[in-house]
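So the structure is just underneath, and the comments pick up after that.
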Amino acid sequence: MSVDMSVWNGRIDAGEGDLARRWHQLARPYAAGLEPGVGIVGFVCDEGVRRNQGRVGAAAGSTAIRKALANLAWHQALPLCDAGDVACADGDLDAAQARLAEQVRRLRADGHFPLVLGGGHETAYGTWRGLAAAHPDKVIGIVNFDAHFDLREAAEATSGTPFAQIAADCAQAGRPFHYLCLGVAEPSNTQALFARARALGVKWTLDSDMTLDTLSTVRSAMMAFVDQVDIVYLTIDLDVLPASVMPAVSAPAAMGVALPVVEALVRRLAESGKLAAADLVELNPAFDIDSHGAKTAARLAWSIGRHLKQA
């Protein structure tokens with residue numbers, strides 16, 4: 001897969017030496033034999049959003065996040081490579097998710113931490129399939145920061161079905177389905193979705209119960225979930241954040257969860273030693289304001305890389 005590295009550019013403070021480096025100066029194209037580190041891959045797709053009757057444009061999200069990451073200060077310990085993009089240009093979502101899964105599996109096989117930049121939340125099914133293929137004997141826990149369960153039942157895959165698809169795959173393979181959804185907005189999820197979550201044994205915390213005052217309690221519950229699994233897949237749907245912070249999504253949140261709360265929990269997951277893959281999804285640059293959304297997404301990606309103790 002060819003990799004376009006032109007997006008990795010920015011300020012250079014040559015007079016201040018190596019300690020003044022930024023992400024664009026450390027990024028390398030993915031190739032066999034690289035020292036294991038963080039491997040970025042983009043999922044250029046919003047076919048799932050279109051099918052889910054959302055605002056399309058998330059296909060441009062991965063490039064926007066890379067651009068916002070490029071000029072951030074480098075404090076990471078692990079090296080960085082870019083494995084390019086997996087695109088869904090023909091509307092064949094299943095095939096695109098299969099290609100993403102293979103890229104995630106390959107990165108894990110080479111010892112890298114896959115950091116996938118979506119794309120709609122249909123990204124999640126591809127990321128999970130790749131991680132599951134790389135670790136067939138591991139118990140995987142899914143931690144999803146999201147205003148929505150994304151457990152819809154539909155005739156075809158959409159951005160609202162990925163965790164229902166994962167649950168079905170787990171049932172077919174005799175694999176446990178461990179799913180924690182943090183930031184659920186009760187007005188945005190029907191009673192049917194809550195019933196389905198209960199039937200599948202999903203754990204969740206409502207957005208109204210995730211504040212700085214309750215952070216310690218939520219963090220303890222999250223880590224109790226993590227303790228029950230071998231490795232963790234983290235997926236961040238950016239619509240979990242308040243619309244004032246993250247307007248650039250298909251479904252902006254009326255309330256949302258404050259960025260400091262989300263980042264603190266993401267940092268704890270990165271530090272746990274169990275995090276094996278992550279993705280950030282639903283950024284839609286068409287609705288961004290002065291790149292606020294892209295910068296916020298980049299901040300979360302930066303935090304994962306900064307604190308990662310790879311599984």
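FYI, nothing fancy with the structure tokens labels: chains A, B, ... in order, residues from 1 per chain, ligands from 1 as they appear.
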- Within 10 Å of Ala77 of chain A using only C-alpha atoms, minus same-chain residues under 4 positions, as a VMD selection string: chain A and resid 37 to 38 305 to 309
- Give me every strand (DSSP E or B) residue in segment 147-307 of chain A, going by DSSP on the backbone, as a PyMOL selection string. chain A and resi 178-184+203-206+231-237+242+253+275-281
Would you put the residues from that selection into a file with N, CA, C and O atoms, as a JSON list (two decimals), in the first residue's frame?
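The result, stored in out-v7.json:
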[["chain", "number", "residue", "atom", "x", "y", "z"],
["A", 178, "HIS", "N", -17.50, -8.57, 25.33],
["A", 178, "HIS", "CA", -17.31, -7.65, 26.44],
["A", 178, "HIS", "C", -17.33, -6.22, 25.88],
["A", 178, "HIS", "O", -16.40, -5.82, 25.18],
["A", 179, "TYR", "N", -18.37, -5.48, 26.22],
["A", 179, "TYR", "CA", -18.57, -4.16, 25.62],
["A", 179, "TYR", "C", -18.99, -3.16, 26.69],
["A", 179, "TYR", "O", -19.99, -3.35, 27.38],
["A", 180, "LEU", "N", -18.19, -2.09, 26.83],
["A", 180, "LEU", "CA", -18.48, -1.00, 27.75],
["A", 180, "LEU", "C", -18.64, 0.28, 26.94],
["A", 180, "LEU", "O", -17.74, 0.66, 26.19],
["A", 181, "CYS", "N", -19.80, 0.93, 27.07],
["A", 181, "CYS", "CA", -20.07, 2.17, 26.33],
["A", 181, "CYS", "C", -20.16, 3.32, 27.33],
["A", 181, "CYS", "O", -21.02, 3.32, 28.23],
["A", 182, "LEU", "N", -19.29, 4.30, 27.17],
["A", 182, "LEU", "CA", -19.20, 5.42, 28.09],
["A", 182, "LEU", "C", -19.68, 6.71, 27.42],
["A", 182, "LEU", "O", -19.18, 7.08, 26.36],
["A", 183, "GLY", "N", -20.66, 7.37, 28.06],
["A", 183, "GLY", "CA", -21.17, 8.64, 27.52],
["A", 183, "GLY", "C", -22.49, 8.52, 26.81],
["A", 183, "GLY", "O", -22.85, 9.42, 26.04],
["A", 184, "VAL", "N", -23.22, 7.45, 27.06],
["A", 184, "VAL", "CA", -24.49, 7.22, 26.35],
["A", 184, "VAL", "C", -25.48, 8.35, 26.65],
["A", 184, "VAL", "O", -25.72, 8.70, 27.81],
["A", 203, "LYS", "N", -22.29, -3.11, 29.32],
["A", 203, "LYS", "CA", -22.20, -2.19, 30.45],
["A", 203, "LYS", "C", -22.12, -0.77, 29.88],
["A", 203, "LYS", "O", -21.52, -0.56, 28.83],
["A", 204, "TRP", "N", -22.69, 0.19, 30.59],
["A", 204, "TRP", "CA", -22.65, 1.57, 30.09],
["A", 204, "TRP", "C", -22.74, 2.56, 31.23],
["A", 204, "TRP", "O", -23.16, 2.24, 32.34],
["A", 205, "THR", "N", -22.34, 3.80, 30.91],
["A", 205, "THR", "CA", -22.52, 4.94, 31.80],
["A", 205, "THR", "C", -23.11, 6.08, 30.98],
["A", 205, "THR", "O", -22.64, 6.37, 29.88],
["A", 206, "LEU", "N", -24.13, 6.71, 31.51],
["A", 206, "LEU", "CA", -24.78, 7.81, 30.80],
["A", 206, "LEU", "C", -23.89, 9.06, 30.82],
["A", 206, "LEU", "O", -23.08, 9.26, 31.73],
["A", 231, "ILE", "N", -6.99, -8.04, 26.61],
["A", 231, "ILE", "CA", -6.57, -6.84, 25.90],
["A", 231, "ILE", "C", -7.79, -5.96, 25.64],
["A", 231, "ILE", "O", -8.93, -6.42, 25.71],
["A", 232, "VAL", "N", -7.52, -4.69, 25.34],
["A", 232, "VAL", "CA", -8.60, -3.72, 25.17],
["A", 232, "VAL", "C", -8.52, -3.06, 23.80],
["A", 232, "VAL", "O", -7.44, -2.70, 23.33],
["A", 233, "TYR", "N", -9.67, -2.93, 23.18],
["A", 233, "TYR", "CA", -9.83, -2.13, 21.96],
["A", 233, "TYR", "C", -10.60, -0.87, 22.34],
["A", 233, "TYR", "O", -11.73, -0.94, 22.83],
["A", 234, "LEU", "N", -9.98, 0.27, 22.14],
["A", 234, "LEU", "CA", -10.59, 1.56, 22.45],
["A", 234, "LEU", "C", -11.10, 2.20, 21.18],
["A", 234, "LEU", "O", -10.37, 2.32, 20.19],
["A", 235, "THR", "N", -12.36, 2.63, 21.19],
["A", 235, "THR", "CA", -12.91, 3.35, 20.05],
["A", 235, "THR", "C", -13.57, 4.62, 20.56],
["A", 235, "THR", "O", -14.35, 4.59, 21.53],
["A", 236, "ILE", "N", -13.24, 5.74, 19.96],
["A", 236, "ILE", "CA", -13.76, 7.03, 20.39],
["A", 236, "ILE", "C", -14.59, 7.64, 19.26],
["A", 236, "ILE", "O", -14.05, 8.04, 18.22],
["A", 237, "ASP", "N", -15.91, 7.65, 19.47],
["A", 237, "ASP", "CA", -16.78, 8.37, 18.56],
["A", 237, "ASP", "C", -16.80, 9.81, 19.07],
["A", 237, "ASP", "O", -17.26, 10.09, 20.18],
["A", 242, "PRO", "N", -19.25, 17.43, 23.82],
["A", 242, "PRO", "CA", -20.29, 18.46, 23.62],
["A", 242, "PRO", "C", -20.17, 19.11, 22.25],
["A", 242, "PRO", "O", -19.06, 19.28, 21.73],
["A", 253, "ALA", "N", -23.62, 16.51, 19.93],
["A", 253, "ALA", "CA", -24.26, 16.19, 21.21],
["A", 253, "ALA", "C", -24.80, 17.44, 21.89],
["A", 253, "ALA", "O", -24.10, 18.45, 22.02],
["A", 275, "LEU", "N", -3.99, -1.94, 26.38],
["A", 275, "LEU", "CA", -4.54, -1.35, 25.17],
["A", 275, "LEU", "C", -3.79, -1.88, 23.94],
["A", 275, "LEU", "O", -2.58, -1.75, 23.84],
["A", 276, "ALA", "N", -4.55, -2.48, 23.01],
["A", 276, "ALA", "CA", -3.94, -3.15, 21.86],
["A", 276, "ALA", "C", -4.28, -2.50, 20.53],
["A", 276, "ALA", "O", -3.61, -2.77, 19.52],
["A", 277, "ALA", "N", -5.28, -1.64, 20.49],
["A", 277, "ALA", "CA", -5.65, -0.93, 19.27],
["A", 277, "ALA", "C", -6.63, 0.16, 19.65],
["A", 277, "ALA", "O", -7.33, 0.07, 20.66],
["A", 278, "ALA", "N", -6.68, 1.21, 18.82],
["A", 278, "ALA", "CA", -7.62, 2.30, 19.08],
["A", 278, "ALA", "C", -8.03, 2.93, 17.76],
["A", 278, "ALA", "O", -7.29, 2.88, 16.77],
["A", 279, "ASP", "N", -9.21, 3.53, 17.75],
["A", 279, "ASP", "CA", -9.59, 4.37, 16.61],
["A", 279, "ASP", "C", -10.36, 5.59, 17.09],
["A", 279, "ASP", "O", -10.93, 5.61, 18.19],
["A", 280, "LEU", "N", -10.31, 6.63, 16.27],
["A", 280, "LEU", "CA", -11.09, 7.84, 16.48],
["A", 280, "LEU", "C", -11.94, 8.03, 15.23],
["A", 280, "LEU", "O", -11.40, 8.00, 14.11],
["A", 281, "VAL", "N", -13.24, 8.22, 15.42],
["A", 281, "VAL", "CA", -14.15, 8.19, 14.28],
["A", 281, "VAL", "C", -15.13, 9.35, 14.29],
["A", 281, "VAL", "O", -15.32, 10.02, 15.31]]
- Message: Can you tell me which residues surround segment 84-100 of chain A at a distance of at most 8 Å, considering only C-alpha atoms, apart from same-chain residues fewer than 3 positions away, and format the answer as a ChimeraX atom specification?
- Response: /A:1-4,29-30,40-48,103-104,122-123,125-127,129-130,157
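Nearest residue to Ser244 of chain A, choosing from A:Asp288, A:Asp18, A:Glu186, A:Asp227 and counting only C-alpha atoms: A:Asp288.
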- Query: Which distance in Å separates atom CA of Phe287 of chain A and atom CA of Ala248 of chain A, to one decimal?
  - Reply: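 Interatomic distance, atom CA of Phe287 of chain A to atom CA of Ala248 of chain A: 4.6 Å.
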- Task: Would you please work out which residue, of A:Asn9, A:Thr211, A:Asn284, A:Gln25, is nearest to Leu265 of chain A when using only C-alpha atoms?
- Result: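 Smallest distance to Leu265 of chain A is found for A:Thr211.
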- Name the residues of segment 6-84 of chain A that come out as alpha helix (DSSP H) in a backbone DSSP run; write them as a PyMOL selection string. chain A and resi 23-26+47-51+61-70
Print the selection's residues with C-alpha atoms to a file, as a PDB file, in the first residue's frame.
ATOM      1  CA  TRP A  23       5.138  14.681  15.018  1.00  0.00           C
ATOM      2  CA  HIS A  24       5.779  15.451  11.366  1.00  0.00           C
ATOM      3  CA  GLN A  25       9.526  15.112  11.941  1.00  0.00           C
ATOM      4  CA  LEU A  26       9.183  11.622  13.446  1.00  0.00           C
ATOM      5  CA  GLU A  47     -20.609   4.873   3.441  1.00  0.00           C
ATOM      6  CA  GLY A  48     -21.911   3.694   6.816  1.00  0.00           C
ATOM      7  CA  VAL A  49     -22.912   7.248   7.757  1.00  0.00           C
ATOM      8  CA  ARG A  50     -24.751   7.639   4.444  1.00  0.00           C
ATOM      9  CA  ARG A  51     -26.630   4.378   5.004  1.00  0.00           C
ATOM     10  CA  GLY A  61     -11.585  12.930   8.693  1.00  0.00           C
ATOM     11  CA  SER A  62      -8.360  10.932   8.679  1.00  0.00           C
ATOM     12  CA  THR A  63      -6.494  13.532   6.613  1.00  0.00           C
ATOM     13  CA  ALA A  64      -7.748  16.368   8.811  1.00  0.00           C
ATOM     14  CA  ILE A  65      -6.588  14.592  11.982  1.00  0.00           C
ATOM     15  CA  ARG A  66      -3.167  13.845  10.486  1.00  0.00           C
ATOM     16  CA  LYS A  67      -2.748  17.525   9.583  1.00  0.00           C
ATOM     17  CA  ALA A  68      -3.658  18.546  13.128  1.00  0.00           C
ATOM     18  CA  LEU A  69      -1.283  15.947  14.596  1.00  0.00           C
ATOM     19  CA  ALA A  70       1.625  16.890  12.353  1.00  0.00           C
TER      20      ALA A  70
END
- Task: Identify which of the residues A:Ala58, A:Arg21, A:Asp82, A:Gln228 lies closest to Val7 of chain A, counting only C-alpha atoms when measuring atom-to-atom distances.
- Result: A:Asp82
- Message: Set the distance at 6 Å and use only C-alpha atoms: which residues neighbour segment 255-261 of chain A once local chain neighbours fewer than 3 positions away are removed? I'd like the list as a list in words.
- Response: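 Skipping anything fewer than 3 positions along the chain leaves Asp207, Val240, Leu241, Pro242 and Ala264 of chain A.
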Please save all heavy atoms of the selected residues as a compact mmCIF listing (two decimals), in the first residue's frame.
# COMPACT_ATOMS: atom_id res chain seq x y z
N ASP A 207 -24.07 9.91 29.80
CA ASP A 207 -23.30 11.15 29.75
C ASP A 207 -23.55 12.01 30.99
O ASP A 207 -22.63 12.66 31.51
CB ASP A 207 -23.62 11.93 28.47
CG ASP A 207 -25.11 12.21 28.26
OD1 ASP A 207 -25.94 11.83 29.12
OD2 ASP A 207 -25.44 12.83 27.22
N VAL A 240 -19.28 11.94 21.28
CA VAL A 240 -19.43 11.85 22.73
C VAL A 240 -19.15 13.19 23.40
O VAL A 240 -19.57 13.44 24.52
CB VAL A 240 -18.49 10.75 23.31
CG1 VAL A 240 -17.03 11.22 23.32
CG2 VAL A 240 -18.93 10.34 24.72
N LEU A 241 -18.43 14.07 22.70
CA LEU A 241 -18.07 15.38 23.24
C LEU A 241 -19.19 16.38 23.01
O LEU A 241 -20.00 16.23 22.09
CB LEU A 241 -16.78 15.87 22.57
CG LEU A 241 -15.54 15.01 22.81
CD1 LEU A 241 -14.44 15.38 21.83
CD2 LEU A 241 -15.05 15.17 24.25
N PRO A 242 -19.25 17.43 23.82
CA PRO A 242 -20.29 18.46 23.62
C PRO A 242 -20.17 19.11 22.25
O PRO A 242 -19.06 19.28 21.73
CB PRO A 242 -20.00 19.46 24.74
CG PRO A 242 -19.20 18.72 25.76
CD PRO A 242 -18.40 17.70 24.99
N ALA A 264 -8.90 12.10 30.47
CA ALA A 264 -8.38 11.44 31.67
C ALA A 264 -8.63 9.94 31.62
O ALA A 264 -7.76 9.13 32.00
CB ALA A 264 -9.03 12.04 32.91
- What does the distance between atom CA of Val249 of chain A and atom CA of Leu283 of chain A come to in Å, to one decimal place?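 Answer for the atom CA of Val249 of chain A to atom CA of Leu283 of chain A separation: 5.2 Å.
Candidate residues A:Ala301, A:Val218, A:Ala20, A:Val245 were compared for distance to Pro114 of chain A, and the nearest is A:Ala301, using only C-alpha atoms.
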- Task: For atom CA of Arg28 of chain A and atom CA of Gly15 of chain A, quote the distance in Å rounded to one decimal.
- Result: 22.4 Å
- Could you tell me which of A:Gly174, A:Gln76, A:Ala221, A:Asp146 comes closest to Ser188 of chain A if we count only C-alpha atoms?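 Comparing A:Gly174, A:Gln76, A:Ala221, A:Asp146 against Ser188 of chain A, the winner is A:Asp146.
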- Message: Give me, as a list in words, all polymer residues having an atom no more than 7 Å from Leu151 of chain A, counting only C-alpha atoms and skipping those fewer than 5 positions away in the same chain.
- Response: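 Final neighbour list, sorted by chain and number: Gly160, Thr161, Pro162, Phe163, Ala164 and Leu193 of chain A.
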- Between A:Glu282, A:Asp13, A:Glu271, A:Asp209, which is the closest to Met246 of chain A once you count only C-alpha atoms? A:Glu282
